[in-house]
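Comments concern the structure below.
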Amino acid sequence: MSQRVSVLVGTSKGAFILDGDAGRRDWRLRGPLCDGWPVNDISVEPGTGALLAAGSSPWFGPAVWRSDDFGASWTHSSEGLTYGDDGPKVARIWNVTGAHGSVYAGVEPAGLFRSRDGGRTWEHVEGLTNHPTRPEWQPGNGGLCLHSIVPHPDDLDRMWVGASAVGVFETRDGGATWETRNRGVRADFNPEPNPEFGHCVHKVVLAADAGGHLYQQNHCGVYRSLDGGRQWQEITAGLPSEFGFVMAAHPRDPLTAWTIPLTTPDQGRLMPDAAAAVWRTHDGGDTWVRSGDGLPQDGAYLGVLREAMAVDRLDSVGVYFGTSTGQLYGSGDEGRTWSLLADHLPPIWSVEAAVVD
């Protein structure tokens, strides 16, 4: 049976699904889904293929939506998504990620929750909240949010998370204890430019070698780590800006990754020179290649948010990104050429790609 791709899109006014054919040329749009709730992230649960959506309603609060029939019907639950009567109120779910039979939710104020029953009930991963640095955590411009959840593919006790404006943490004991992983990353806005924590990490992803090879887009540059985040190396050289939100890694080649540089916050967080482009590396960040073929090169005052880039697992790899003004772009040749897949959507907050048999 031939494989096809569905692009899962989270927006300010619900989720959408763009179903593509085997050639990734003809697309059909479904939505809005999740009753029009704002959706910060969508992912696919490993093993079951269920869709998981991080919903945060201004009226009903946050909840994780689940679909076991690929978007035809949905249920949602927030049972246990609480810091308790004496803790802060959970304002928003930023990320939902399945791994090793569990589902994890990263929330604001920054913290991690785990579900062992597919998102029906939740428990607080207290080890992270109890980290000794927690009383000093401060929010970034987007709030104090835990937005990156990076499970190790083979070791169920190992995971990395990223929180703004705090930094990267790693656990090796299933979340009981955590260690900071920020050495080598700049924090130019901080009186101490290389603090243990207090970093505005924007996105963390794991490379394909199933070890500790990570990539990070930070407020202050792009980085790689070859040792699980114990030491980061800056790889910003060759990019037009150190600022951006997205980062994506190739599913099989650990040296290939993609990012979208944006102008700095004081210049609007837009595509440099109003010319849309995606930058990719094939050597782990030593060099970068720009591609704007098929993207608007004039008057493109576009922004792309942290969850709004994804890759599929086909050969060649498809790459997708969405903009805060509602355009969804895709590439079927690993980011060399691009086409507009959908337009006039609500502001796009997240993009995920699912290969469907």
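In the structure tokens, chains take the letters A, B, ... in the order shown, each chain's residues start at 1, and ligands count up from 1 in the order shown.
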- Query: Could you pull the residues within 9 Å of Ala187 of chain A, counting only C-alpha atoms, minus those fewer than 3 positions along the same chain, as a ChimeraX atom specification?
  - Reply: /A:190-195,198-200,219-220
Using N, CA and C atoms, can you export the residues from the last selection as an mmCIF file, in the first residue's frame?
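Writing the result to part.cif gives the following:
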```cif
data_model
loop_
_atom_site.group_PDB
_atom_site.id
_atom_site.type_symbol
_atom_site.label_atom_id
_atom_site.label_comp_id
_atom_site.auth_asym_id
_atom_site.auth_seq_id
_atom_site.Cartn_x
_atom_site.Cartn_y
_atom_site.Cartn_z
ATOM 1 N N ASN A 190 21.081 38.748 29.766
ATOM 2 C CA ASN A 190 21.289 38.490 31.186
ATOM 3 C C ASN A 190 22.556 39.202 31.666
ATOM 4 N N PRO A 191 22.557 39.768 32.866
ATOM 5 C CA PRO A 191 23.794 40.360 33.387
ATOM 6 C C PRO A 191 24.965 39.381 33.402
ATOM 7 N N GLU A 192 24.661 38.101 33.628
ATOM 8 C CA GLU A 192 25.647 37.025 33.495
ATOM 9 C C GLU A 192 25.382 36.319 32.176
ATOM 10 N N PRO A 193 26.238 36.523 31.157
ATOM 11 C CA PRO A 193 25.909 36.036 29.806
ATOM 12 C C PRO A 193 25.932 34.520 29.659
ATOM 13 N N ASN A 194 26.490 33.791 30.610
ATOM 14 C CA ASN A 194 26.543 32.333 30.519
ATOM 15 C C ASN A 194 26.062 31.692 31.821
ATOM 16 N N PRO A 195 24.798 31.956 32.199
ATOM 17 C CA PRO A 195 24.299 31.427 33.468
ATOM 18 C C PRO A 195 23.956 29.937 33.383
ATOM 19 N N GLY A 198 18.254 30.441 32.984
ATOM 20 C CA GLY A 198 17.881 31.792 32.600
ATOM 21 C C GLY A 198 18.106 32.042 31.120
ATOM 22 N N HIS A 199 18.007 30.962 30.331
ATOM 23 C CA HIS A 199 18.210 31.026 28.882
ATOM 24 C C HIS A 199 16.861 30.996 28.169
ATOM 25 N N CYS A 200 16.741 31.784 27.103
ATOM 26 C CA CYS A 200 15.488 31.813 26.356
ATOM 27 C C CYS A 200 15.592 30.835 25.185
ATOM 28 N N HIS A 219 16.986 32.229 21.574
ATOM 29 C CA HIS A 219 16.882 33.671 21.374
ATOM 30 C C HIS A 219 18.221 34.245 20.922
ATOM 31 N N CYS A 220 19.295 33.640 21.403
ATOM 32 C CA CYS A 220 20.652 34.129 21.134
ATOM 33 C C CYS A 220 21.460 33.127 20.324
#
```
Which neighbours of Trp258 of chain A fall inside 8 Å, counting only C-alpha atoms, when residues of the same chain fewer than 6 positions from it are skipped, and could you give them as a tab-separated table (two decimals) with N, CA and C atoms, in the first residue's frame?
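Final file, result_25.tsv:
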```tsv
chain	number	residue	atom	x	y	z
A	247	MET	N	13.01	24.75	14.74
A	247	MET	CA	14.15	23.88	14.45
A	247	MET	C	13.57	22.52	14.10
A	248	ALA	N	14.07	21.89	13.06
A	248	ALA	CA	13.61	20.55	12.68
A	248	ALA	C	14.81	19.72	12.26
A	249	ALA	N	14.79	18.44	12.59
A	249	ALA	CA	15.89	17.53	12.28
A	249	ALA	C	15.44	16.45	11.32
A	278	VAL	N	13.89	29.26	3.95
A	278	VAL	CA	14.23	28.25	4.93
A	278	VAL	C	15.70	27.90	4.72
A	279	TRP	N	16.43	27.77	5.80
A	279	TRP	CA	17.86	27.46	5.75
A	279	TRP	C	18.07	26.04	6.24
A	280	ARG	N	18.94	25.30	5.55
A	280	ARG	CA	19.22	23.92	5.94
A	280	ARG	C	20.73	23.69	5.99
A	281	THR	N	21.11	22.72	6.80
A	281	THR	CA	22.50	22.29	6.88
A	281	THR	C	22.57	20.80	6.60
```
- Interatomic distance, atom CA of Val319 of chain A to atom CA of Gly335 of chain A (Å, one decimal): 6.0 Å
- Query: Out of segment 92-214 of chain A, which residues get strand (DSSP E or B) from DSSP, as an MDAnalysis selection string?
  - Reply: chainID A and resid 92:99 102:108 111:115 123:124 140 143 145:151 159:164 167:171 179:180 201:206 214
Mind writing the picked residues with C-alpha atoms as a PDB file, in the first residue's frame?
```
ATOM      1  CA  ARG A  92      -2.041  26.870  28.707  1.00  0.00           C
ATOM      2  CA  ILE A  93      -0.705  23.627  27.248  1.00  0.00           C
ATOM      3  CA  TRP A  94       2.192  24.337  24.891  1.00  0.00           C
ATOM      4  CA  ASN A  95       3.264  20.850  23.845  1.00  0.00           C
ATOM      5  CA  VAL A  96       1.828  17.336  23.862  1.00  0.00           C
ATOM      6  CA  THR A  97       4.144  14.406  23.069  1.00  0.00           C
ATOM      7  CA  GLY A  98       3.690  10.653  23.291  1.00  0.00           C
ATOM      8  CA  ALA A  99       6.538   8.281  24.121  1.00  0.00           C
ATOM      9  CA  SER A 102       2.862   7.626  28.082  1.00  0.00           C
ATOM     10  CA  VAL A 103       1.735  11.071  26.943  1.00  0.00           C
ATOM     11  CA  TYR A 104       3.473  14.216  28.207  1.00  0.00           C
ATOM     12  CA  ALA A 105       2.153  17.772  28.331  1.00  0.00           C
ATOM     13  CA  GLY A 106       4.297  20.871  28.751  1.00  0.00           C
ATOM     14  CA  VAL A 107       2.365  23.726  30.326  1.00  0.00           C
ATOM     15  CA  GLU A 108       2.435  27.343  31.458  1.00  0.00           C
ATOM     16  CA  GLY A 111       5.943  22.352  34.237  1.00  0.00           C
ATOM     17  CA  LEU A 112       5.530  18.824  32.938  1.00  0.00           C
ATOM     18  CA  PHE A 113       2.580  16.435  33.265  1.00  0.00           C
ATOM     19  CA  ARG A 114       2.350  12.749  32.360  1.00  0.00           C
ATOM     20  CA  SER A 115      -0.609  10.573  31.365  1.00  0.00           C
ATOM     21  CA  GLU A 123      -0.151  13.458  36.988  1.00  0.00           C
ATOM     22  CA  HIS A 124       2.326  16.208  37.779  1.00  0.00           C
ATOM     23  CA  GLY A 140      10.131  35.102  28.414  1.00  0.00           C
ATOM     24  CA  GLY A 143       5.308  33.574  29.151  1.00  0.00           C
ATOM     25  CA  CYS A 145       6.201  28.045  29.238  1.00  0.00           C
ATOM     26  CA  LEU A 146       7.549  24.532  28.833  1.00  0.00           C
ATOM     27  CA  HIS A 147       7.346  24.102  25.071  1.00  0.00           C
ATOM     28  CA  SER A 148       9.879  21.444  23.999  1.00  0.00           C
ATOM     29  CA  ILE A 149       9.534  17.803  25.078  1.00  0.00           C
ATOM     30  CA  VAL A 150      12.219  15.521  23.645  1.00  0.00           C
ATOM     31  CA  PRO A 151      12.004  11.871  24.727  1.00  0.00           C
ATOM     32  CA  MET A 159      14.159  13.030  28.315  1.00  0.00           C
ATOM     33  CA  TRP A 160      15.005  16.649  27.616  1.00  0.00           C
ATOM     34  CA  VAL A 161      12.684  19.626  28.000  1.00  0.00           C
ATOM     35  CA  GLY A 162      13.028  23.290  27.055  1.00  0.00           C
ATOM     36  CA  ALA A 163      11.355  26.178  28.848  1.00  0.00           C
ATOM     37  CA  SER A 164      11.386  29.917  28.198  1.00  0.00           C
ATOM     38  CA  GLY A 167      16.703  26.713  29.497  1.00  0.00           C
ATOM     39  CA  VAL A 168      17.138  23.026  28.782  1.00  0.00           C
ATOM     40  CA  PHE A 169      16.881  20.282  31.413  1.00  0.00           C
ATOM     41  CA  GLU A 170      17.548  16.536  31.185  1.00  0.00           C
ATOM     42  CA  THR A 171      16.324  13.613  33.266  1.00  0.00           C
ATOM     43  CA  GLU A 179      19.888  18.625  35.558  1.00  0.00           C
ATOM     44  CA  THR A 180      20.405  21.868  33.670  1.00  0.00           C
ATOM     45  CA  VAL A 201      15.493  28.528  24.477  1.00  0.00           C
ATOM     46  CA  HIS A 202      12.939  28.559  21.652  1.00  0.00           C
ATOM     47  CA  LYS A 203      13.028  24.976  20.341  1.00  0.00           C
ATOM     48  CA  VAL A 204      15.000  21.778  21.009  1.00  0.00           C
ATOM     49  CA  VAL A 205      15.021  18.707  18.735  1.00  0.00           C
ATOM     50  CA  LEU A 206      16.862  15.384  18.737  1.00  0.00           C
ATOM     51  CA  LEU A 214      20.633  17.754  19.790  1.00  0.00           C
TER      52      LEU A 214
END
```
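Taking atom CA of Ala54 of chain A and atom CA of Ser331 of chain A as the two end points, the separation is 25.6 Å.
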- Could you state the separation of atom CA of Ala354 of chain A and atom CA of Tyr320 of chain A in Å, given to one decimal place? 11.3 Å
- Message: Going by DSSP on the backbone, which residues of segment 72-145 of chain A come out as helix (DSSP H, G or I)? List them as an MDAnalysis selection string.
- Response: chainID A and resid 126:129 134:136
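Counting only C-alpha atoms, the residue from A:Tyr301, A:Tyr83, A:Phe60, A:Tyr215 that sits nearest to Pro109 of chain A is A:Tyr83.
Each of A:Val246, A:Leu29, A:Ala274, A:Ile260 was checked against Leu305 of chain A using only C-alpha atoms; the smallest atom-to-atom distance is that of A:Val246.
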- Message: Between A:Tyr329, A:Trp137, A:Trp178, A:Trp232, which residue has the minimum interatomic distance to Ala165 of chain A, considering only C-alpha atoms?
- Response: A:Trp137
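The closest residue to Glu352 of chain A, picked from A:Val90, A:Thr259, A:Leu51, A:Arg24 and counting only C-alpha atoms, is A:Leu51.
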- Task: Tell me, as JSON, numbers by chain, which residues lie within 9 Å of Val351 of chain A, counting only C-alpha atoms; anything in the same chain fewer than 6 positions away does not count.
- Result: {"A": [7, 8, 9, 10, 41, 42, 43, 307, 308, 309, 310, 320, 321, 322, 328]}
- Query: So which residues touch Gly175 of chain A within 7 Å, counting only C-alpha atoms, skipping near sequence neighbours fewer than 6 positions away, as a PyMOL selection string?
  - Reply: chain A and resi 125+127-128
- Within 8 Å of Asp343 of chain A, counting only C-alpha atoms, which residues qualify if same-chain residues fewer than 3 places away don't, as a ChimeraX atom specification? /A:326-328,340
Those selected residues, please, written with C-alpha atoms and delivered as a PDB file, in the first residue's frame.
```pdb
ATOM      1  CA  GLY A 326      -2.218  31.682   7.943  1.00  0.00           C
ATOM      2  CA  GLN A 327      -0.101  30.368   5.052  1.00  0.00           C
ATOM      3  CA  LEU A 328       1.079  26.745   5.009  1.00  0.00           C
ATOM      4  CA  LEU A 340       1.857  27.011  -1.006  1.00  0.00           C
TER       5      LEU A 340
END
```
- Which residue, A:Ser77, A:Gln3, A:Ser316, A:Gln231, has the smallest gap to His250 of chain A when you use only C-alpha atoms? A:Ser316
